[in-house]
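Working notes, beginning with the structure itself.
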Number of protein chains: 2
Amino acid sequence: MDAIVANGFVAELIRQIRAQDAFGAWARKSEADLLEPYIVDREKRKTIPIIGDPDPDIIERVEMFYRAIGLAVEKRTGLIASPMLKINHEGFGRVVLLAGNLVVLSKHLRDVHRFGFETIEKLEAEGSKLTDQAVLMIERFPEVAKL
Amino acid sequence: MDAIVANGFVAELIRQIRAQDAFGAWARKSEADLLEPYIVDREKRKTIPIIGDPDPDIIERVEMFYRAIGLAVEKRTGLIASPMLKINHEGFGRVVLLAGNLVVLSKHLRDVHRFGFETIEKLEAEGSKLTDQAVLMIERFPEVAKL
């Protein structure tokens, strides 16, 4: 897939998805297949109800996205950043990425059952942007992030 | 109940439990009744299986405990500290208390289905201890806690 930047965020996400695949169920899946659930274009969005409960698969997917950001952050700073999610049954919530005692990223979530990106490029852009934000926060308060 | 220290942690926890009672279901309950689920003495512990799934009531109870710590922290520092829990179906997990971009408290949890304290005094002591720790962390990094 041409859209995937080498060593970019999406490449990290794919590594992360494959790493979760303990039983090899996805071993034959292409990168496009693995990314497919993350891509919600206009057509697909139309088929998703406006209000809906987030199922465990989607929550796992959101967590995977933020875990990939954590790994991208670790590559650039050497510090592990791990996500914590809090999502209520209506799909509202919050996700934070923690490194040591520092909240390196905090986002409020809504409509989690519609989580996704219009294109792979937009997924890459959002992942990179959030990674940059998290790295900046660590550079600002390294002492707290190393606690 | 003599064991409850005025303005202490347990008093805060009771206020917090009553505040959650939107429908007045517990209005006639005594303080002892409200605290009863938090007190797990030796006799009671014997009746709880060693391995068990934490049910939503217990998770709510753990969250309430940490929310009360957050409120106690707010009283002393003026900064809101709110909990985030991550508990897997086996009852292992982590709880953090966040103020701004600071993790003011972080604890790994295990055997959540057995969550409780032997006596009201021990509940008071643990709550006060954790509140003190969180306040110390805020005093150490006030800039991060105010972000």
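Chain identifiers are assigned as A, B, and so on, following the order in which chains appear in the structure tokens; residues are numbered from 1 within each chain, and ligands are numbered from 1 in order of appearance.
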
Open item on the list: For the structure I just gave you, how does DSSP split region 3-137 of chain B - specifically, which residues are helix (DSSP H, G or I)? Reply as a ChimeraX atom specification.
Closed with: /B:9-20,31-38,42-46,56-77,112-114,120-137

Prev. selection, C-alpha atoms, output as a short mmCIF file (atom, residue, chain, number, x, y, z; two decimals), in the first residue's frame:
```
data_model
loop_
_atom_site.label_atom_id
_atom_site.label_comp_id
_atom_site.auth_asym_id
_atom_site.auth_seq_id
_atom_site.Cartn_x
_atom_site.Cartn_y
_atom_site.Cartn_z
CA PHE B 9 -11.56 10.55 54.92
CA VAL B 10 -14.44 8.25 55.82
CA ALA B 11 -16.71 11.25 56.35
CA GLU B 12 -15.75 12.38 52.81
CA LEU B 13 -16.47 8.91 51.45
CA ILE B 14 -19.94 8.91 53.03
CA ARG B 15 -20.69 12.33 51.52
CA GLN B 16 -19.53 10.97 48.17
CA ILE B 17 -21.74 7.86 48.46
CA ARG B 18 -24.76 9.98 49.39
CA ALA B 19 -24.05 12.35 46.49
CA GLN B 20 -24.27 9.42 44.05
CA GLU B 31 -23.58 5.48 57.90
CA ALA B 32 -22.83 1.95 59.07
CA ASP B 33 -25.09 0.56 56.31
CA LEU B 34 -23.39 2.69 53.64
CA LEU B 35 -19.92 1.68 54.76
CA GLU B 36 -20.77 -1.98 55.20
CA PRO B 37 -19.65 -3.06 51.69
CA TYR B 38 -16.25 -1.39 52.25
CA ARG B 42 -11.58 -11.82 58.34
CA GLU B 43 -14.95 -13.55 58.70
CA LYS B 44 -16.31 -11.94 55.53
CA ARG B 45 -13.11 -12.49 53.58
CA LYS B 46 -13.38 -16.23 54.26
CA PRO B 56 -19.78 -3.77 38.39
CA ASP B 57 -20.82 -3.02 41.99
CA ILE B 58 -17.32 -3.66 43.26
CA ILE B 59 -15.71 -1.65 40.48
CA GLU B 60 -18.08 1.21 41.32
CA ARG B 61 -17.05 0.86 44.97
CA VAL B 62 -13.33 1.03 44.14
CA GLU B 63 -13.99 4.05 41.95
CA MET B 64 -15.97 5.71 44.76
CA PHE B 65 -13.06 5.17 47.17
CA TYR B 66 -10.64 6.90 44.80
CA ARG B 67 -13.16 9.61 43.96
CA ALA B 68 -13.39 10.36 47.70
CA ILE B 69 -9.59 10.64 47.77
CA GLY B 70 -9.85 13.04 44.83
CA LEU B 71 -12.32 15.19 46.77
CA ALA B 72 -10.15 15.14 49.88
CA VAL B 73 -7.23 16.25 47.68
CA GLU B 74 -9.35 19.03 46.21
CA LYS B 75 -10.23 20.31 49.70
CA ARG B 76 -6.57 20.61 50.58
CA THR B 77 -5.13 21.90 47.30
CA VAL B 112 -10.48 -6.45 43.09
CA HIS B 113 -13.38 -8.78 43.94
CA ARG B 114 -11.93 -8.87 47.49
CA ILE B 120 -13.41 1.53 59.59
CA GLU B 121 -10.20 2.69 61.25
CA LYS B 122 -8.14 0.95 58.57
CA LEU B 123 -10.30 2.46 55.83
CA GLU B 124 -9.71 5.89 57.40
CA ALA B 125 -5.96 5.25 57.69
CA GLU B 126 -5.57 4.07 54.09
CA GLY B 127 -7.66 6.92 52.69
CA SER B 128 -5.69 9.51 54.67
CA LYS B 129 -2.38 7.99 53.65
CA LEU B 130 -3.24 8.02 49.95
CA THR B 131 -4.62 11.57 50.21
CA ASP B 132 -1.34 12.70 51.82
CA GLN B 133 0.68 11.05 49.04
CA ALA B 134 -1.40 12.75 46.36
CA VAL B 135 -1.13 16.15 48.03
CA LEU B 136 2.66 15.75 48.30
CA MET B 137 2.86 14.98 44.59
#
```

Can you write out as JSON lines which residues of chain B fall within 10 Å of chain A, alongside each residue's closest atom pair and its distance in Å to one decimal, counting only C-alpha atoms and ordering rows by chain and ascending residue number?
```
{"residue": "B:Pro83", "atom": "CA", "partner": "A:Lys86", "partner_atom": "CA", "distance": 9.8}
{"residue": "B:Met84", "atom": "CA", "partner": "A:Lys86", "partner_atom": "CA", "distance": 6.7}
{"residue": "B:Leu85", "atom": "CA", "partner": "A:Lys86", "partner_atom": "CA", "distance": 7.3}
{"residue": "B:Lys86", "atom": "CA", "partner": "A:Met84", "partner_atom": "CA", "distance": 6.7}
{"residue": "B:Arg94", "atom": "CA", "partner": "A:Met84", "partner_atom": "CA", "distance": 9.1}
{"residue": "B:Val95", "atom": "CA", "partner": "A:Met84", "partner_atom": "CA", "distance": 9.3}
{"residue": "B:Val96", "atom": "CA", "partner": "A:Met84", "partner_atom": "CA", "distance": 9.2}
{"residue": "B:Leu98", "atom": "CA", "partner": "A:Val103", "partner_atom": "CA", "distance": 8.1}
{"residue": "B:Ala99", "atom": "CA", "partner": "A:Val103", "partner_atom": "CA", "distance": 9.3}
{"residue": "B:Gly100", "atom": "CA", "partner": "A:Val103", "partner_atom": "CA", "distance": 8.1}
{"residue": "B:Asn101", "atom": "CA", "partner": "A:Val103", "partner_atom": "CA", "distance": 4.6}
{"residue": "B:Leu102", "atom": "CA", "partner": "A:Leu102", "partner_atom": "CA", "distance": 5.2}
{"residue": "B:Val103", "atom": "CA", "partner": "A:Asn101", "partner_atom": "CA", "distance": 4.6}
{"residue": "B:Val104", "atom": "CA", "partner": "A:Asn101", "partner_atom": "CA", "distance": 7.2}
{"residue": "B:Leu105", "atom": "CA", "partner": "A:Asn101", "partner_atom": "CA", "distance": 8.3}
{"residue": "B:Ser106", "atom": "CA", "partner": "A:Asn101", "partner_atom": "CA", "distance": 8.2}
{"residue": "B:Met137", "atom": "CA", "partner": "A:Asn101", "partner_atom": "CA", "distance": 9.3}
{"residue": "B:Arg140", "atom": "CA", "partner": "A:Val144", "partner_atom": "CA", "distance": 9.8}
{"residue": "B:Phe141", "atom": "CA", "partner": "A:Val144", "partner_atom": "CA", "distance": 8.0}
{"residue": "B:Glu143", "atom": "CA", "partner": "A:Phe141", "partner_atom": "CA", "distance": 9.7}
{"residue": "B:Val144", "atom": "CA", "partner": "A:Phe141", "partner_atom": "CA", "distance": 7.9}
{"residue": "B:Ala145", "atom": "CA", "partner": "A:Leu102", "partner_atom": "CA", "distance": 9.4}
```

- [ ] Please identify which residues in chain A DSSP calls strand (DSSP E or B) from the backbone, and express them as a ChimeraX atom specification.
- [x] /A:39,82-87,93-99,102-109,117

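One distance worth recording is that between CA of Ile51 (chain B) and CA of Phe92 (chain B), which is 10.9 Å.
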
Task: Among listed residues A:Asp111, A:Asp21, A:Glu139, A:Glu118, nearest Asn88 (chain A) (using only C-alpha atoms) - done: A:Asp111

Task: Nearest-residue call for Ile48 (chain B), choices B:Gly116, B:Leu109, B:Leu147, B:Pro142, using only C-alpha atoms - done: B:Gly116
